[in-house]
Amino acid sequence: SIASSVTVLVSTTLYIMAAIIGDKDVFFNIHKSVDFFGRFYIIGTTLCRRLVDWSRSEQGEGIMNNAKYQPPGPSGVLERERLLGKLAAWSDRKLVIIHGQAGQGKSTLAADYVRALAVPSVWYTLDPGDDDPAVFLASFGRAVQRVYPRHVTDVPAPPRDRYRGSDPSPAVAQWLAKLLREIPSGLFVFDDYHVLAESASLPTLLSMIVEASPPAVRIMILSRTRPELPATELRSIGGRAELTGADLRCTEAEVNELFSSAFGTPLSKTQAK
């Protein structure tokens, strides 16, 4: 490897320098340093290999991916009752989309809403690895099983056939139906959709999840850009609602509350504007 080659090169260079100097003490000290460095290298590479093996194990994967399946913690700064009220009023909508600029509080709002729900929720943070349909389906299956272990006792192996454009794969539809058919109710939240907004497969997969999920299961998508999903029969399965950046923008009252909570200093009406 590159690291071992560098070790040999450094060791050889130091020995040559010691020989040129001709001092036995210098040679002895360099020898001890090289020996220590070599031992440190062996221990370090061994630990790294074991860490990689552990991360690939089921236990390691579960711990390292825990953040992917967890909503952000409560901010404790601003309770956005105005927007939480809108989300509560849309409890009959099959699909809710929240999109706006970074820092407008999309994930925090959704997390506060999730914590107030009386039904279970599946939180799934999308990342570049989810661009592979098989990877996404396997990870999504594990996320669902974590929340519904009694209803999903075993996650079926995801289909690995090539995904072609935006045409739904019958194998994927069957897989989703098998995974979700026993789930009684709940909310599936997909955060950071914008990371894969240009994906060839993810929009179709999310659309298929909307269609395959039981009637009492709702879907929420959070994104910095407006998600464009393939057409689904939302009218017949519950409809759609949307919060935009304009909705997420803080009102004067919310700005004042934010400054009062965070800094202990209320703002004047002019400053709040």
# chains A, B, ... in the order shown; residues from 1 in each chain; ligands from 1
call {"tool": "select_by_dssp", "arguments": {"residues": "region 62-224 of chain A", "states": "alpha helix (DSSP H)", "output": "number ranges by chain"}}
result
A: 62-64, 81-89, 106-116, 133-147, 170-180, 202-212
call {"tool": "residues_around", "arguments": {"residues": "Leu196 (chain A)", "least_positions_apart": "2", "cutoff": "9 Å", "atoms": "only C-alpha atoms", "output": "VMD selection string"}}
result
chain A and resid 126 to 128 130 to 131 192 to 194 198 to 200 202 to 203
call {"tool": "closest_residue", "arguments": {"among": "A:Leu229, A:Asp92, A:Ile183, A:Ser121", "to": "Ala241 (chain A)", "atoms": "only C-alpha atoms"}}
result
A:Asp92
call {"tool": "atom_distance", "arguments": {"atom1": "CA of Val122 (chain A)", "atom2": "CA of Val189 (chain A)"}}
result
6.0 Å
call {"tool": "residues_around", "arguments": {"residues": "Ala134 (chain A)", "least_positions_apart": "3", "cutoff": "10 Å", "atoms": "only C-alpha atoms", "output": "list in words"}}
result
Gly129, Asp130, Asp131, Leu137, Ala138, Ser139, Phe140, Ala157, Pro158, Pro159, Arg160, Asp161, Arg162, Tyr163 and Val172 of chain A
call {"tool": "residues_around", "arguments": {"residues": "Pro72 (chain A)", "least_positions_apart": "6", "cutoff": "12 Å", "atoms": "only C-alpha atoms", "output": "number ranges by chain"}}
result
A: 66, 105-115, 123-125, 191
call {"tool": "write_last_selection", "arguments": {"atoms": "N, CA, C and O atoms", "output": "PDB file, in the first residue's frame"}}
result
ATOM      1  N   ASN A  66     -27.477   5.283  12.524  1.00  0.00           N
ATOM      2  CA  ASN A  66     -28.553   5.671  13.416  1.00  0.00           C
ATOM      3  C   ASN A  66     -29.062   7.076  13.101  1.00  0.00           C
ATOM      4  O   ASN A  66     -30.263   7.334  13.143  1.00  0.00           O
ATOM      5  N   GLY A 105     -35.830  26.000   8.664  1.00  0.00           N
ATOM      6  CA  GLY A 105     -36.414  25.181   9.720  1.00  0.00           C
ATOM      7  C   GLY A 105     -37.327  24.068   9.265  1.00  0.00           C
ATOM      8  O   GLY A 105     -38.221  23.639  10.008  1.00  0.00           O
ATOM      9  N   LYS A 106     -37.095  23.541   8.063  1.00  0.00           N
ATOM     10  CA  LYS A 106     -37.956  22.466   7.536  1.00  0.00           C
ATOM     11  C   LYS A 106     -37.865  21.216   8.414  1.00  0.00           C
ATOM     12  O   LYS A 106     -38.894  20.671   8.844  1.00  0.00           O
ATOM     13  N   SER A 107     -36.642  20.759   8.643  1.00  0.00           N
ATOM     14  CA  SER A 107     -36.454  19.524   9.419  1.00  0.00           C
ATOM     15  C   SER A 107     -36.890  19.702  10.863  1.00  0.00           C
ATOM     16  O   SER A 107     -37.503  18.808  11.453  1.00  0.00           O
ATOM     17  N   THR A 108     -36.581  20.861  11.445  1.00  0.00           N
ATOM     18  CA  THR A 108     -36.979  21.118  12.831  1.00  0.00           C
ATOM     19  C   THR A 108     -38.496  21.147  12.964  1.00  0.00           C
ATOM     20  O   THR A 108     -39.065  20.586  13.910  1.00  0.00           O
ATOM     21  N   LEU A 109     -39.168  21.790  12.013  1.00  0.00           N
ATOM     22  CA  LEU A 109     -40.635  21.835  12.027  1.00  0.00           C
ATOM     23  C   LEU A 109     -41.216  20.433  11.933  1.00  0.00           C
ATOM     24  O   LEU A 109     -42.110  20.065  12.709  1.00  0.00           O
ATOM     25  N   ALA A 110     -40.719  19.644  10.968  1.00  0.00           N
ATOM     26  CA  ALA A 110     -41.230  18.279  10.790  1.00  0.00           C
ATOM     27  C   ALA A 110     -40.957  17.428  12.028  1.00  0.00           C
ATOM     28  O   ALA A 110     -41.805  16.624  12.440  1.00  0.00           O
ATOM     29  N   ALA A 111     -39.776  17.605  12.626  1.00  0.00           N
ATOM     30  CA  ALA A 111     -39.439  16.830  13.819  1.00  0.00           C
ATOM     31  C   ALA A 111     -40.353  17.187  14.988  1.00  0.00           C
ATOM     32  O   ALA A 111     -40.792  16.308  15.743  1.00  0.00           O
ATOM     33  N   ASP A 112     -40.651  18.483  15.159  1.00  0.00           N
ATOM     34  CA  ASP A 112     -41.580  18.891  16.214  1.00  0.00           C
ATOM     35  C   ASP A 112     -42.964  18.294  15.972  1.00  0.00           C
ATOM     36  O   ASP A 112     -43.640  17.864  16.908  1.00  0.00           O
ATOM     37  N   TYR A 113     -43.375  18.261  14.712  1.00  0.00           N
ATOM     38  CA  TYR A 113     -44.680  17.684  14.367  1.00  0.00           C
ATOM     39  C   TYR A 113     -44.709  16.184  14.659  1.00  0.00           C
ATOM     40  O   TYR A 113     -45.675  15.664  15.232  1.00  0.00           O
ATOM     41  N   VAL A 114     -43.625  15.504  14.300  1.00  0.00           N
ATOM     42  CA  VAL A 114     -43.536  14.058  14.523  1.00  0.00           C
ATOM     43  C   VAL A 114     -43.621  13.729  16.009  1.00  0.00           C
ATOM     44  O   VAL A 114     -44.298  12.776  16.418  1.00  0.00           O
ATOM     45  N   ARG A 115     -42.937  14.519  16.833  1.00  0.00           N
ATOM     46  CA  ARG A 115     -42.929  14.231  18.273  1.00  0.00           C
ATOM     47  C   ARG A 115     -44.309  14.391  18.909  1.00  0.00           C
ATOM     48  O   ARG A 115     -44.581  13.809  19.962  1.00  0.00           O
ATOM     49  N   TRP A 123     -38.526   8.079  10.072  1.00  0.00           N
ATOM     50  CA  TRP A 123     -37.731   9.208   9.579  1.00  0.00           C
ATOM     51  C   TRP A 123     -36.593   8.660   8.723  1.00  0.00           C
ATOM     52  O   TRP A 123     -35.856   7.782   9.140  1.00  0.00           O
ATOM     53  N   TYR A 124     -36.445   9.212   7.518  1.00  0.00           N
ATOM     54  CA  TYR A 124     -35.405   8.714   6.608  1.00  0.00           C
ATOM     55  C   TYR A 124     -34.709   9.909   5.965  1.00  0.00           C
ATOM     56  O   TYR A 124     -35.322  10.663   5.202  1.00  0.00           O
ATOM     57  N   THR A 125     -33.430  10.095   6.277  1.00  0.00           N
ATOM     58  CA  THR A 125     -32.637  11.178   5.687  1.00  0.00           C
ATOM     59  C   THR A 125     -31.915  10.654   4.451  1.00  0.00           C
ATOM     60  O   THR A 125     -31.097   9.741   4.539  1.00  0.00           O
ATOM     61  N   ASP A 191     -36.318  13.218   4.443  1.00  0.00           N
ATOM     62  CA  ASP A 191     -35.636  14.504   4.561  1.00  0.00           C
ATOM     63  C   ASP A 191     -34.518  14.618   3.521  1.00  0.00           C
ATOM     64  O   ASP A 191     -33.987  13.610   3.044  1.00  0.00           O
TER      65      ASP A 191
END
